[in-house]
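Q: Would you mind keeping the following structure in view while I ask a few things?
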Amino acid sequence: MSDQKRPRIDSGEEAVHCFGPNSFKLQSLPVLKPGKVLGLVGKNGIGKSTALRLLSGKEKPNLGRFENQPDWKEIKAYFKESESELHSYFIRVLVDNLQTVYKIQYVEHLAKFVRGNVGKLLSMADKAKDMKQELAAELELLHVMDRNVEDLSFGELQRFAIACAALQNAGSYLFDEPSSHLDVKQRLKVARIVRSLVRPNNYVVVVEHDLSVLDYVSDFICCLYGKPGKYGAVTLPFSAREGINIFLTTENLRFTDKSLKVAEAPQETETRARYKYPAMTMTRGNFRLRVGEGEFTDSQIIVMLGENGTGKSTFLQMLAGLLEPDSVEGSDVEIPKLNVSYKPQRIALKPPFECSVKMLLYAKIPDAVRNPQFVSDVFDPLSIQKLMDKKLKVLSGGELQNVALALCLGKPADIYLIDEPSTYLDSEHCIVASNVIKKFMHQGKKAAIVVEHDFTMATYLADRAIVFEGQASVDCVANSPQSLLTGMNLFLSRLDITLRRDPANFLPRINERESAEDREQKAAGSYYCMDD
C-alpha cells in the first residue's frame with residue numbers, strides 16, 4: 001500500500017485518523033472482542049474519544065489523509081490488511097448495518113441538542129416497553145420523568161444518557177466516561193448495567209478514568225499512550241488487572257512520564273495542632289443535615305464518603321463559613337473561624353474581564369507564585385507553568401480543575417476544604433493531584449477535608465473518613481471522623497459491596513457480587529480488606 005494511503009506520523013508509525021496538518025493523529029484503534037467489555041484507559045487528549053467516534057461509524061477513519069478523504073471501500077481494505085478483527089467489525093457496521101450507540105463524554109452539553117420531556121424521550125427507545133421503568137428506577141430517574149432534559153443536573157444528565165443508550169437494541173455500545181458526576185453507588189449501578197448489555201456477538205467499549213470502576217466493569221483493557229494533543233496509539237488488549245498494572249507501572253511504553261504507584265495507607269505522623277468542630281444542624285428547603293461533633297489534627301486528610309444528596313458539599317460550605325447552621329451545640333471551637341481555603345465543587349474561574357492564568361494567579365496567590373518550593377511541589381506536577389499564558393476561557397475541564405486546586409493550595413490556611421478534585425481529570429492526573437494534596441498537607445503540617453467519589457483517589461488520600469448516611473436529599477447525618485478502615489467498612493456495608501487491595505499496586509479492587517471473595521469478606525464483616 002502506498003505511503004499516500006498509509007502516512008508516517010510523529011512517532012514513526014502510521015495514522016488511522018488525523019485532524020489536519022500539525023494536528024492530533026491516532027495511529028491505531030482498539031481491537032474489539034465480541035461478548036466482552038473492553039475498557040480504554042489513558043491520559044486526556046490521547047485519542048480515547050476519537051477512537052469511540054470512529055468505532056461508532058459516524059465518523060470515517062481518514063487514514064491520515066485529511067485533504068483527500070478515503071472512501072469506505074478503501075478503509076475496509078486498509079483494515080483487512082492490517083487488522084482482521086477491526087475489518088470484521090467495520091464490515092458488520094457497514095454491510096450488516098450493525099447498530100452502534102455512542103454515549104458522549106460531555107453530558108453537560110446534552111441539553112443543547114436534546115430537548116423534550118425525559119419520560120417521553122425514554123419511551124421512544126427500542127426496549128422502553130419492557131425495561132423503561134425498571135431501568136429508570138435503577139438509575140434513580142423516576143423523580144425526573146416529568147422534567148425536561150434542560151432542567152436536569154449534571155448527574156441526572158449522565159444517568160439519562162446511560163438509560164437512553166441501554167434501552168437501544170444495538171450491536172455495539174460505546175460509553176465515554178460514564179462515571180462522571182456520579183457518586184460511588186451510582187457508578188457501581190452503571191457498571192452493572194453496562195455489563196448487562198453484553199451478548200455473545202455484540203461489542204461493549206468503555207472509556208473510564210476511575211480505575212476501580214474500570215477494573216470492575218472490564219473483561220479486557222487497552223492502554224492508550226503517546227503525546228497528548230500530538231499523537232496516540234493503542235495497545236493490544238490485556239486482562240483487566242494486567243492492563244491497569246501496565247498503565248500504572250510500565251515505563252518502556254511511556255504511558256506516563258514516570259511510574260505511578262498507589263501507595264500504602266499513610267502512617268500516623270507527629271502532629272502539632274488539634275481542631276474540633278461542634279455538632280450542628282442545617283436545613284435547606286426540605287433537606288436537613290445533622291453533623292456529629294468531631295475533631296482531627298494537622299497533617300491529616302479526612303475524606304467525606306457518601307452518596308450524592310447526602311450533604312457533603314453543604315457540610316464543606318458550613319466549615320468554610322459560607323453557610324450558617326441552624327443550631328450549634330457541643331464544642332466551643334468552630335472551624336469557620338479558623339483560617340480555611342475552599343475549592344468548590346463547581347469551578348467558575350470567571351473574572352469580570354478577559355484574563356490569563358498568570359494574571360489570575362498573581363492576583364489571587366502572589367506569594368505562592370513566587371515561592372520556589374510551592375512551584376516545585378504544586379505548579380510543576382499540575383503543569384500550571386504550561387498554562388500561564390492561556391486565557392481562562394479556553395482551558396479544558398481538567399486544566400480548570402488543576403488551576404482551581406493550585407489556587408486553593410496557594411492560599412495560606414490551616415485547613416483546606418476541597419470538593420471533588422478528580423472531576424474532569426484522567427486516571428494519571430487523579431493520582432498526580434492526590435500526590436500533590438498529600439505531600440502538601442503532610443509536609444506543611446496542614447489539614448484537609450476532601451469530598452471524593454473516585455475509589456482510587458479517596459482511599460489513596462484518606463487518613464480518616466467522615467461517613468454520610470440517611471435518605472438522600474431529605475434527612476442525612478454526617479458521622480464523626482473515624483479511621484479509614486472503620487469508615488470504609490461502614491460506608492461499603494451500606495452499599496453492600498466489598499473491596500480488597502491489589503497486592504502489586506495497592507489499588508482498591510471491587511469484588512464481583514456473590515464471588516468467593518465477596519462472600520468471605522462479608523461473612524467476616526470486613527468490607528474493606530487492607531491485607532496484602
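Within each chain, counting starts at residue 1; across the C-alpha cells, chains are named A, B, ... in the order shown, with ligands numbered 1 upward in that order.
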Residues of region 302-479 of chain A in helix (DSSP H, G or I) according to DSSP, as a ChimeraX atom specification?
A: /A:312-319,335-337,357-364,366-369,372-379,385-387,392-394,397-410,427-443,455-461
Q: Which residues come within 10 Å of Pro481 (chain A), counting only C-alpha atoms, excluding same-chain residues fewer than 4 positions away, as a PyMOL selection string?
A: chain A and resi 292-296+302-304+463-467+486-487
Q: Take the residues from that selection and put them in a file with C-alpha atoms, as a short mmCIF file (atom, residue, chain, number, x, y, z; two decimals), in the first residue's frame.
A:
```cif
data_model
loop_
_atom_site.label_atom_id
_atom_site.label_comp_id
_atom_site.auth_asym_id
_atom_site.auth_seq_id
_atom_site.Cartn_x
_atom_site.Cartn_y
_atom_site.Cartn_z
CA GLY A 292 -21.95 14.92 64.71
CA GLU A 293 -19.25 16.66 66.76
CA GLY A 294 -15.77 15.80 65.56
CA GLU A 295 -12.08 16.51 65.77
CA PHE A 296 -8.93 15.95 63.74
CA ILE A 302 -10.18 13.47 56.01
CA VAL A 303 -12.26 12.18 53.10
CA MET A 304 -16.04 12.53 53.10
CA ASP A 463 -6.07 9.21 56.73
CA ARG A 464 -9.56 9.32 58.23
CA ALA A 465 -13.13 9.28 56.93
CA ILE A 466 -16.45 11.02 57.59
CA VAL A 467 -19.35 8.79 56.51
CA THR A 486 -13.69 1.70 60.20
CA GLY A 487 -15.18 4.38 57.95
#
```
Q: Just the residues within 9 Å of Ile193 (chain A), please, counting only C-alpha atoms, with nothing from its chain fewer than 5 positions along; format it as a list in words.
A: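 Those residues are Leu135, Glu138, Ile162, Ala166 and Leu188 of chain A.
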Q: Using only C-alpha atoms, find the one residue out of A:Glu134, A:Glu307, A:Met359, A:Leu167 that sits nearest to Arg494 (chain A).
A: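 Of A:Glu134, A:Glu307, A:Met359, A:Leu167, the one nearest Arg494 (chain A), counting only C-alpha atoms, is A:Glu307.
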Q: In Å, with one decimal, what is the gap from CA of Pro508 (chain A) to CA of Ala458 (chain A)?
A: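 These two atoms are separated by 9.9 Å.
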